[in-house]
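Peer 1: See structure-v7.txt below, with compact mmCIF, C-alpha atoms.
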```txt
# COMPACT_ATOMS: atom_id res chain seq x y z
CA MET Z 536 -15.76 42.62 -2.54
CA ARG Z 537 -12.38 43.00 -4.12
CA PRO Z 538 -12.74 43.19 -7.89
CA VAL Z 539 -11.28 40.39 -9.95
CA ARG Z 540 -7.94 41.40 -11.36
CA PHE Z 541 -7.08 38.55 -13.70
CA ASN Z 542 -8.69 36.92 -16.68
CA ILE Z 543 -11.33 39.60 -17.11
CA HIS Z 544 -11.05 40.08 -20.85
CA ALA Z 545 -12.59 37.17 -22.67
CA LYS Z 546 -10.19 35.73 -25.18
CA GLN Z 547 -11.45 35.02 -28.64
CA PRO Z 548 -10.59 31.48 -29.63
CA ASP Z 549 -8.26 31.45 -32.60
CA ALA Z 550 -8.16 28.36 -34.77
CA ARG Z 551 -4.58 28.97 -35.79
CA THR Z 552 -3.16 28.78 -32.27
CA ALA Z 553 -5.80 26.80 -30.42
CA VAL Z 554 -5.61 23.62 -32.41
CA GLY Z 555 -2.33 21.82 -32.72
CA VAL Z 556 -1.51 19.96 -35.88
CA ALA Z 557 1.08 17.23 -35.95
CA ASP Z 558 3.91 17.71 -38.45
CA ALA Z 559 4.14 15.27 -41.26
CA PRO Z 560 7.06 12.88 -40.99
CA PRO Z 561 9.89 13.42 -43.46
CA GLY Z 562 9.03 11.79 -46.72
CA TYR Z 563 8.51 12.25 -50.41
CA PRO Z 564 5.27 13.92 -51.36
CA GLY Z 565 3.67 13.49 -54.70
CA ASP Z 566 0.52 14.10 -56.62
CA GLY Z 567 -1.99 12.25 -54.46
CA PHE Z 568 0.47 10.17 -52.52
CA PHE Z 569 3.04 10.55 -49.81
CA THR Z 570 5.85 8.14 -49.08
CA ALA Z 571 7.44 7.97 -45.70
CA LYS Z 572 9.07 5.40 -43.51
CA LEU Z 573 6.60 2.94 -42.09
CA SER Z 574 7.95 3.29 -38.59
CA ASP Z 575 7.47 7.08 -38.77
CA VAL Z 576 3.87 6.83 -39.86
CA VAL Z 577 3.04 4.08 -37.42
CA GLY Z 578 4.80 5.98 -34.67
CA LEU Z 579 2.87 9.14 -35.45
CA ALA Z 580 -0.41 7.29 -35.35
CA ARG Z 581 0.42 5.45 -32.15
CA LYS Z 582 1.79 8.35 -30.21
CA ASN Z 583 -1.25 10.54 -30.65
CA SER Z 584 -3.68 7.87 -29.59
CA ILE Z 585 -2.25 6.24 -26.54
CA TRP Z 586 -4.85 4.46 -24.45
CA PRO Z 587 -3.64 4.41 -20.88
CA LEU Z 588 -4.50 1.90 -18.20
CA PRO Z 589 -4.57 3.77 -14.92
CA PHE Z 590 -3.36 1.37 -12.27
CA ALA Z 591 -4.15 3.84 -9.54
CA THR Z 592 -3.48 2.71 -6.01
CA SER Z 593 -3.23 5.78 -3.78
CA CYS Z 594 -2.71 9.53 -3.77
CA CYS Z 595 -1.13 9.60 -7.21
CA GLY Z 596 -4.37 8.16 -8.50
CA ILE Z 597 -6.16 11.25 -7.27
CA GLU Z 598 -3.62 13.43 -9.03
CA PHE Z 599 -4.28 11.44 -12.15
CA MET Z 600 -7.96 12.09 -11.76
CA ALA Z 601 -7.10 15.80 -11.64
CA THR Z 602 -4.95 15.41 -14.73
CA MET Z 603 -7.81 13.82 -16.60
CA GLY Z 604 -10.14 16.59 -15.51
CA SER Z 605 -10.83 19.60 -17.67
CA HIS Z 606 -8.23 21.94 -16.23
CA TYR Z 607 -5.18 19.81 -17.03
CA ASP Z 608 -6.72 17.84 -19.77
CA LEU Z 609 -5.00 14.62 -20.68
CA ALA Z 610 -7.54 13.87 -23.37
CA ARG Z 611 -5.87 16.48 -25.56
CA PHE Z 612 -3.04 14.04 -26.05
CA GLY Z 613 -5.22 11.32 -27.40
CA SER Z 614 -5.82 9.60 -24.09
CA GLU Z 615 -9.51 10.30 -24.05
CA ARG Z 616 -10.39 6.67 -23.58
CA VAL Z 617 -8.79 5.25 -20.48
CA GLY Z 618 -9.41 1.54 -20.46
CA PHE Z 619 -9.32 -0.64 -17.43
CA SER Z 620 -8.74 -3.78 -19.35
CA PRO Z 621 -5.09 -4.58 -20.00
CA ARG Z 622 -5.97 -6.37 -23.20
CA GLN Z 623 -7.02 -3.11 -24.82
CA CYS Z 624 -4.47 -0.64 -23.55
CA ASP Z 625 -1.07 0.55 -24.62
CA LEU Z 626 0.29 2.35 -21.61
CA LEU Z 627 0.29 0.97 -18.08
CA MET Z 628 0.41 3.88 -15.69
CA VAL Z 629 1.28 2.63 -12.24
CA MET Z 630 0.29 5.32 -9.80
CA GLY Z 631 0.70 4.87 -6.12
CA THR Z 632 2.27 2.65 -3.53
CA ILE Z 633 2.60 -0.95 -4.57
CA ALA Z 634 2.73 -3.31 -1.61
CA LYS Z 635 4.60 -6.56 -1.83
CA LYS Z 636 1.33 -8.41 -1.78
CA MET Z 637 0.20 -6.41 -4.81
CA ALA Z 638 3.34 -7.08 -6.83
CA PRO Z 639 2.18 -10.34 -8.46
CA VAL Z 640 -1.02 -8.56 -9.46
CA VAL Z 641 0.87 -5.77 -11.22
CA LYS Z 642 2.99 -8.35 -12.98
CA GLN Z 643 -0.08 -10.25 -14.08
CA VAL Z 644 -1.66 -7.08 -15.46
CA TYR Z 645 1.54 -6.29 -17.34
CA LEU Z 646 1.67 -9.78 -18.79
CA GLN Z 647 -1.88 -9.49 -20.03
CA MET Z 648 -1.12 -6.40 -22.08
CA ALA Z 649 -0.54 -6.91 -25.76
CA GLU Z 650 2.57 -5.68 -27.50
CA PRO Z 651 3.44 -2.83 -28.02
CA ARG Z 652 3.15 -1.80 -24.42
CA TRP Z 653 4.78 0.90 -22.39
CA VAL Z 654 4.94 1.52 -18.65
CA LEU Z 655 4.91 4.85 -16.91
CA SER Z 656 5.65 4.86 -13.23
CA MET Z 657 4.12 7.88 -11.55
CA GLY Z 658 5.06 9.14 -8.16
CA ALA Z 659 7.83 8.36 -5.76
CA CYS Z 660 6.26 5.17 -4.42
CA ALA Z 661 5.97 3.49 -7.77
CA CYS Z 662 9.43 4.64 -8.88
CA SER Z 663 11.35 3.58 -5.80
CA GLY Z 664 9.16 2.86 -2.80
CA GLY Z 665 8.96 6.53 -1.91
CA ILE Z 666 9.01 7.43 1.76
CA PHE Z 667 7.73 3.97 2.65
CA ASP Z 668 10.97 2.07 3.09
CA THR Z 669 9.40 -0.75 5.02
CA TYR Z 670 8.69 -4.45 5.04
CA SER Z 671 5.45 -4.26 3.19
CA VAL Z 672 6.14 -1.88 0.32
CA LEU Z 673 7.77 -2.91 -2.94
CA GLN Z 674 10.75 -0.63 -3.44
CA GLY Z 675 9.99 0.39 -6.98
CA ILE Z 676 7.99 -1.41 -9.64
CA ASP Z 677 11.07 -1.81 -11.77
CA GLN Z 678 11.86 -4.76 -9.58
CA ILE Z 679 9.09 -6.66 -11.31
CA ILE Z 680 8.30 -5.02 -14.64
CA PRO Z 681 10.36 -2.97 -17.10
CA VAL Z 682 9.54 0.73 -16.87
CA ASP Z 683 9.88 3.24 -19.69
CA ILE Z 684 9.30 6.59 -18.02
CA TYR Z 685 9.56 7.56 -14.38
CA VAL Z 686 7.67 10.60 -13.16
CA PRO Z 687 9.03 11.72 -9.79
CA GLY Z 688 7.05 13.66 -7.26
CA CYS Z 689 4.94 13.05 -4.23
CA PRO Z 690 2.52 13.42 -5.86
CA PRO Z 691 3.77 14.84 -9.14
CA ARG Z 692 1.91 17.91 -10.33
CA PRO Z 693 -0.42 17.30 -13.24
CA GLU Z 694 1.98 19.28 -15.38
CA ALA Z 695 4.68 16.79 -14.50
CA VAL Z 696 2.41 13.91 -15.44
CA ILE Z 697 1.68 15.55 -18.75
CA ASP Z 698 5.40 15.99 -19.28
CA GLY Z 699 5.83 12.29 -18.62
CA ILE Z 700 3.12 11.46 -21.13
CA MET Z 701 4.75 13.72 -23.70
CA ARG Z 702 8.04 11.90 -23.26
CA ILE Z 703 6.21 8.62 -23.68
CA GLN Z 704 4.85 10.06 -26.88
CA GLU Z 705 8.39 10.81 -28.03
CA LEU Z 706 9.43 7.27 -27.21
CA VAL Z 707 6.47 5.84 -29.04
CA GLY Z 708 7.01 8.05 -32.07
CA MET Z 709 10.64 7.10 -32.44
CA GLU Z 710 10.37 3.41 -31.73
CA SER Z 711 11.54 1.10 -34.44
CA ILE Z 712 8.88 -1.37 -35.48
CA ARG Z 713 11.34 -4.21 -35.18
CA ARG Z 714 12.30 -3.41 -31.62
CA ARG Z 715 9.96 -5.89 -29.98
CA ASN Z 716 11.34 -8.81 -31.93
CA GLY Z 717 14.98 -7.99 -31.39
CA ASP Z 718 17.52 -9.62 -29.12
CA ARG Z 719 17.99 -6.76 -26.73
CA TYR Z 720 14.32 -6.67 -25.97
CA LYS Z 721 14.28 -10.40 -25.44
CA GLU Z 722 17.16 -10.09 -23.01
CA LEU Z 723 15.34 -7.36 -21.16
CA MET Z 724 12.26 -9.52 -20.79
CA GLU Z 725 14.36 -12.49 -19.69
CA SER Z 726 15.91 -10.42 -16.96
CA TYR Z 727 12.44 -9.86 -15.55
CA GLY Z 728 11.43 -13.45 -16.03
CA ILE Z 729 8.82 -12.64 -18.66
CA GLN Z 730 8.53 -14.74 -21.81
CA MET Y 633 -25.43 0.04 41.56
CA PRO Y 634 -23.28 1.85 39.03
CA LEU Y 635 -20.48 -0.28 37.69
CA SER Y 636 -17.13 1.16 38.79
CA ASN Y 637 -13.55 0.09 38.39
CA GLU Y 638 -13.30 -0.81 42.09
CA PHE Y 639 -16.36 -3.03 41.79
CA ILE Y 640 -14.87 -4.87 38.81
CA GLN Y 641 -11.58 -5.25 40.64
CA THR Y 642 -13.21 -6.73 43.76
CA ARG Y 643 -15.28 -9.15 41.71
CA LEU Y 644 -12.21 -10.34 39.81
CA GLN Y 645 -10.19 -10.76 42.93
CA GLU Y 646 -12.99 -12.70 44.61
CA LYS Y 647 -13.21 -15.09 41.71
CA PHE Y 648 -9.58 -15.51 40.75
CA GLY Y 649 -7.69 -14.53 43.87
CA ASP Y 650 -4.04 -13.93 43.30
CA SER Y 651 -3.95 -14.95 39.66
CA VAL Y 652 -5.12 -11.53 38.52
CA SER Y 653 -2.58 -8.88 39.37
CA ALA Y 654 -1.09 -5.57 38.34
CA PHE Y 655 -4.25 -3.54 38.71
CA GLU Y 656 -3.72 0.00 37.54
CA GLN Y 657 -5.90 2.75 36.11
CA PRO Y 658 -4.07 4.78 33.53
CA TYR Y 659 -6.40 7.60 32.40
CA GLY Y 660 -9.25 6.07 34.34
CA MET Y 661 -9.33 2.74 32.46
CA LEU Y 662 -8.86 -0.36 34.58
CA SER Y 663 -6.03 -2.52 33.40
CA PHE Y 664 -4.92 -5.86 34.82
CA GLU Y 665 -2.94 -8.93 34.03
CA ALA Y 666 -3.41 -12.69 34.30
CA PRO Y 667 -1.34 -15.76 33.47
CA HIS Y 668 -1.68 -16.93 29.91
CA GLU Y 669 -3.39 -20.23 30.74
CA MET Y 670 -6.28 -18.38 32.29
CA ASN Y 671 -7.09 -15.84 29.60
CA LEU Y 672 -10.21 -17.66 28.44
CA LYS Y 673 -11.46 -18.25 31.96
CA VAL Y 674 -11.16 -14.58 32.81
CA MET Y 675 -12.83 -13.42 29.62
CA GLN Y 676 -15.61 -15.99 29.96
CA TYR Y 677 -16.28 -14.82 33.49
CA LEU Y 678 -16.37 -11.18 32.41
CA TYR Y 679 -18.73 -12.15 29.59
CA ASP Y 680 -21.15 -14.29 31.59
CA ALA Y 681 -21.47 -12.40 34.88
CA GLU Y 682 -24.73 -10.50 34.72
CA ASP Y 683 -23.44 -7.50 36.59
CA LEU Y 684 -20.19 -7.30 34.62
CA LYS Y 685 -21.33 -8.05 31.04
CA PHE Y 686 -18.16 -7.33 29.07
CA ARG Y 687 -19.50 -8.66 25.82
CA PHE Y 688 -17.67 -6.63 23.20
CA LEU Y 689 -14.05 -7.17 22.21
CA THR Y 690 -12.79 -3.83 20.99
CA ASP Y 691 -9.22 -4.72 20.23
CA LEU Y 692 -6.72 -7.52 20.44
CA CYS Y 693 -3.10 -6.76 19.87
CA ALA Y 694 0.35 -7.60 21.14
CA VAL Y 695 3.33 -5.70 22.48
CA HIS Y 696 6.91 -6.87 22.41
CA TYR Y 697 8.99 -6.11 25.50
CA PRO Y 698 12.48 -7.36 24.72
CA ASP Y 699 13.83 -6.40 28.13
CA GLN Y 700 11.50 -8.58 30.23
CA PRO Y 701 12.83 -12.11 29.70
CA GLY Y 702 10.21 -14.78 30.18
CA ARG Y 703 7.34 -12.41 29.50
CA GLU Y 704 8.37 -10.70 26.30
CA LEU Y 705 5.18 -10.84 24.30
CA ALA Y 706 2.09 -9.36 25.87
CA VAL Y 707 -1.27 -10.03 24.25
CA VAL Y 708 -3.62 -7.20 25.16
CA TYR Y 709 -7.41 -7.47 25.03
CA HIS Y 710 -9.62 -4.41 25.25
CA LEU Y 711 -13.13 -5.32 26.43
CA HIS Y 712 -16.13 -3.05 26.49
CA ASN Y 713 -19.38 -3.20 28.44
CA LEU Y 714 -21.88 -1.70 26.04
CA THR Y 715 -24.75 -1.22 28.47
CA ASP Y 716 -22.79 0.64 31.14
CA ASN Y 717 -20.09 2.05 28.85
CA ILE Y 718 -17.09 0.79 30.81
CA ARG Y 719 -13.88 -0.33 29.17
CA ILE Y 720 -11.16 -2.50 30.64
CA ARG Y 721 -7.83 -3.71 29.42
CA PHE Y 722 -6.60 -7.19 30.14
CA ARG Y 723 -3.20 -8.55 29.28
CA VAL Y 724 -1.46 -11.88 29.28
CA HIS Y 725 2.28 -12.21 28.97
CA VAL Y 726 3.97 -15.09 27.24
CA SER Y 727 7.63 -15.79 26.69
CA ILE Y 728 9.03 -15.44 23.23
CA GLU Y 729 10.32 -19.01 23.04
CA LYS Y 730 6.88 -20.50 23.42
CA PRO Y 731 4.27 -17.86 22.57
CA ASP Y 732 1.14 -20.01 22.94
CA VAL Y 733 -2.13 -18.41 23.91
CA PHE Y 734 -5.64 -19.90 23.78
CA THR Y 735 -7.77 -18.38 21.09
CA ALA Y 736 -10.71 -16.18 21.96
CA THR Y 737 -12.49 -16.97 18.69
CA ASN Y 738 -15.12 -19.16 20.31
CA LEU Y 739 -16.10 -16.35 22.61
CA PHE Y 740 -15.74 -13.34 20.31
CA SER Y 741 -15.79 -13.86 16.57
CA ALA Y 742 -14.04 -10.53 16.10
CA ALA Y 743 -10.97 -12.19 17.55
CA ASN Y 744 -10.57 -14.30 14.43
CA TRP Y 745 -8.90 -11.75 12.18
CA MET Y 746 -7.35 -9.80 15.02
CA GLU Y 747 -5.51 -12.93 16.14
CA ARG Y 748 -4.38 -13.56 12.59
CA GLU Y 749 -2.95 -10.05 12.47
CA THR Y 750 -1.21 -10.57 15.84
CA TYR Y 751 0.24 -13.82 14.57
CA ASP Y 752 1.36 -12.15 11.36
CA PHE Y 753 3.21 -9.33 13.06
CA PHE Y 754 4.41 -10.81 16.36
CA GLY Y 755 4.37 -14.56 15.95
CA VAL Y 756 1.98 -15.29 18.81
CA ASN Y 757 0.64 -18.80 18.28
CA PHE Y 758 -3.07 -18.99 19.05
CA ILE Y 759 -4.04 -22.54 20.00
CA GLY Y 760 -7.34 -23.64 18.54
CA HIS Y 761 -7.63 -20.91 15.95
CA PRO Y 762 -9.51 -22.17 12.88
CA ASN Y 763 -7.32 -20.50 10.27
CA LEU Y 764 -4.06 -19.17 11.68
CA LYS Y 765 -2.16 -17.83 8.72
CA ARG Y 766 -0.77 -14.51 7.63
CA ILE Y 767 -3.36 -11.93 6.86
CA LEU Y 768 -1.72 -8.66 5.89
CA ASN Y 769 1.79 -9.65 4.84
CA VAL Y 770 3.02 -11.78 2.00
CA ASP Y 771 2.44 -15.45 2.78
CA GLU Y 772 6.03 -16.47 2.23
CA MET Y 773 7.41 -14.08 4.80
CA ASP Y 774 9.42 -15.93 7.42
CA TYR Y 775 9.95 -13.23 10.01
CA PHE Y 776 7.63 -11.23 12.25
CA PRO Y 777 7.92 -7.56 11.37
CA MET Y 778 6.72 -5.83 14.52
CA ARG Y 779 9.17 -7.45 16.86
CA LYS Y 780 11.75 -5.02 18.07
CA GLU Y 781 14.72 -6.86 16.58
CA PHE Y 782 13.40 -6.37 13.09
CA PRO Y 783 14.99 -3.40 11.28
CA LEU Y 784 12.80 -0.48 10.30
CA GLU Y 785 13.78 -0.30 6.68
CA ASP Y 786 13.56 -2.80 3.90
CA GLN Y 787 16.93 -4.42 3.36
CA VAL Y 788 16.54 -4.51 -0.41
CA ARG Y 789 17.74 -0.94 -0.90
CA LEU Y 790 21.39 -0.53 -1.76
CA ASP Y 791 21.42 3.19 -2.32
CA LYS Y 792 20.46 4.44 1.09
CA ASP Y 793 23.56 5.96 2.47
CA ASP Y 794 24.02 5.88 6.23
CA GLU Y 795 25.67 9.25 6.25
CA MET Y 796 22.93 10.94 4.30
CA PHE Y 797 20.33 9.65 6.71
CA GLY Y 798 22.08 10.76 9.84
CA ARG Y 799 23.19 7.37 11.11
CA GLY Y 800 26.84 6.87 11.86
CA GLY Y 801 29.17 8.41 9.35
CA SER Y 802 31.35 11.38 10.02
CA ILE Y 803 28.67 13.97 10.72
CA ASN Y 804 26.92 12.83 13.85
```
Is it possible to give me this structure as structure tokens?
Peer 2:
Amino acid sequence: MRPVRFNIHAKQPDARTAVGVADAPPGYPGDGFFTAKLSDVVGLARKNSIWPLPFATSCCGIEFMATMGSHYDLARFGSERVGFSPRQCDLLMVMGTIAKKMAPVVKQVYLQMAEPRWVLSMGACACSGGIFDTYSVLQGIDQIIPVDIYVPGCPPRPEAVIDGIMRIQELVGMESIRRRNGDRYKELMESYGIQ
Amino acid sequence: MPLSNEFIQTRLQEKFGDSVSAFEQPYGMLSFEAPHEMNLKVMQYLYDAEDLKFRFLTDLCAVHYPDQPGRELAVVYHLHNLTDNIRIRFRVHVSIEKPDVFTATNLFSAANWMERETYDFFGVNFIGHPNLKRILNVDEMDYFPMRKEFPLEDQVRLDKDDEMFGRGGSIN
């Protein structure tokens, strides 16, 4: 038997490097209080506790299962609880080929989500139809719902999915709390036919 | 006596005479053709005859031959004799202007969904089918995707460049 060459010295866990701590948002500290912008604080809270809704249809769903596993842990980013009810989730992750017959279902699920909601489209099929340029496959979910982050790949590596989630976190952290009531957002929703 | 392709062929020709034609045996499987009005009669005979006993419908599909005018759509039935393990293939041709074929649902209930799929993709109209509507495609679709005139790719895409995909263009 060939001896193992890698990972043979057990590493001692070090609390200083093993646990990540989020930086405080810029603000004015005081004796027992801390003032900061509301959108910063709310953004910080939201971005580290995103509850995703895995709308897994095909192979990308399996990659997502790998991402949620212990090796590429997605729970580190606050997504420990994946919900399958749109009423309780923040992030709709559409993973896999969406057929034209499935499109009204995806739209219905998106409509049932409560604000604030984000959409991550994972994999080539959800972003643009992928290699299936045919009569039955919807060529990209952005034809029916507004998408925030696209993760390309067929399927994307779990590291790529985590990168996508981290960008979603950036988006969530920097979002203005008045965005959802503004005119631009309303126009965006109108263009998709969503009230 | 063991059931052989020649035996099946003689029995069919005795019963139906010249209506059944085009007997061939690609890869050892007997394959023949009949006019589309007689598809139920032939299948009923193959079902009922005690020494033929083709009582299992394996598959029902269609093929589009655009270069045979008058007989463009062929509906193909694959029947199987479970006791003697013999399979045969039976086809009926219909023209594309009037693709009417009698439904085999009363004889084989497996034909129900298979005929719906054939209608969905080729437009073959099965007369007497209890629920002939689209099964796999979107209900509002108004064309039949598997016919040869239908283009391979979805026409919604604007970004697919002919040159990049090796069709036409300057590099060919």
Peer 1: Residues of chain Z that have any atom at most 8 Å from an atom of chain Y: could you tabulate them with the shortest-distance atom pair and the distance in Å to one decimal, using only C-alpha atoms, ordered by chain and increasing number, as CSV?
Peer 2:
```
residue,atom,partner,partner_atom,distance
Z:Lys635,CA,Y:Val770,CA,6.7
Z:Lys636,CA,Y:Val770,CA,5.3
Z:Asp668,CA,Y:Glu785,CA,5.1
Z:Thr669,CA,Y:Glu785,CA,4.7
Z:Tyr670,CA,Y:Asp786,CA,5.3
Z:Ser671,CA,Y:Asn769,CA,6.7
Z:Gln674,CA,Y:Arg789,CA,7.4
```
Peer 1: Leaving out Pro691 of chain Z and any residue of its chain fewer than 6 positions from it, which residues lie within 10 Å of it when counting only C-alpha atoms, given as a CSV table (one decimal) with C-alpha atoms, in the coordinates of the input?
Peer 2:
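Result file part_27.csv:
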```csv
chain,number,residue,atom,x,y,z
Z,594,CYS,CA,-2.7,9.5,-3.8
Z,595,CYS,CA,-1.1,9.6,-7.2
Z,598,GLU,CA,-3.6,13.4,-9.0
Z,599,PHE,CA,-4.3,11.4,-12.2
Z,657,MET,CA,4.1,7.9,-11.6
Z,658,GLY,CA,5.1,9.1,-8.2
Z,659,ALA,CA,7.8,8.4,-5.8
Z,697,ILE,CA,1.7,15.6,-18.8
```
Peer 1: Dump as a ChimeraX atom specification all residues having an atom at most 10 Å from (-5.0, 1.6, -18.8), computed in the file's coordinates with all atoms listed in the file.
Peer 2: /Z:585-591,614,616-629,644,648,654
Peer 1: How many Å lie between atom CA of Thr715 of chain Y and atom CA of Arg687 of chain Y, rounded to one decimal?
Peer 2: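 Here the two named atoms are 9.5 Å from each other.
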Peer 1: Axis-aligned box over every listed atom of segment 773-786 of chain Y, padded by 8 Å per side: centre and edges in Å to one decimal, as JSON?
Peer 2:
```
{"center_x": 10.9, "center_y": -8.1, "center_z": 11.0, "size_x": 24.3, "size_y": 31.6, "size_z": 30.2}
```
Peer 1: Excluding Glu682 of chain Y and any residue of its chain fewer than 5 positions from it, enumerate the residues within 12 Å of it, using only C-alpha atoms, and give them as JSON, numbers by chain.
Peer 2: {"Y": [635, 643, 676, 677, 687, 713, 715, 716]}
Peer 1: State, in Å with one decimal place, the distance from atom CA of Leu764 of chain Y to atom CA of Ala736 of chain Y.
Peer 2: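 Straight-line distance from atom CA of Leu764 of chain Y to atom CA of Ala736 of chain Y works out to 12.6 Å.
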Peer 1: Tell me which of Y:Val724, Y:Asp774, Y:Thr737, Y:Arg719 sits closest to His696 of chain Y, counting all atoms listed in the file.
Peer 2: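 Under the stated criterion, the closest residue is Y:Val724.
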Peer 1: Residues near Met670 of chain Y, anyone? I mean within 10 Å using only C-alpha atoms, not counting same-chain ones fewer than 3 positions away, as a ChimeraX atom specification.
Peer 2: /Y:648,651-652,666-667,673-676,724,733-734
Peer 1: With all atoms listed in the file as the basis for distance, which of Z:Cys662, Z:Ile712, Z:Ala695, Z:Leu723 is at the shortest distance from Glu650 of chain Z?
Peer 2: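 Using all atoms listed in the file, Glu650 of chain Z sits closest to Z:Ile712.
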Peer 1: What gap, in Å, lies between atom CA of Glu710 of chain Z and atom CA of Arg551 of chain Z?
Peer 2: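 We find that atom CA of Glu710 of chain Z and atom CA of Arg551 of chain Z lie 29.9 Å from each other.
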Peer 1: Select, from Z:Glu722, Z:Arg581, Z:Met630, Z:Ala649, the residue with the minimum atom-to-atom distance to Tyr685 of chain Z, counting only C-alpha atoms.
Peer 2: Z:Met630
Peer 1: Residues at most 12 Å from Ile759 of chain Y, counting all atoms listed in the file, excluding those fewer than 3 positions away in the same chain, as JSON, numbers by chain?
Peer 2: {"Y": [668, 669, 672, 730, 731, 732, 733, 734, 735, 736, 737, 738, 744, 747, 748, 751, 756, 762, 763, 764]}
Peer 1: Show me, as an MDAnalysis selection string, the residues that have an atom within 8 Å of Met724 of chain Z when counting all atoms listed in the file, minus same-chain residues fewer than 5 positions from it.
Peer 2: chainID Z and resid 681 729:730
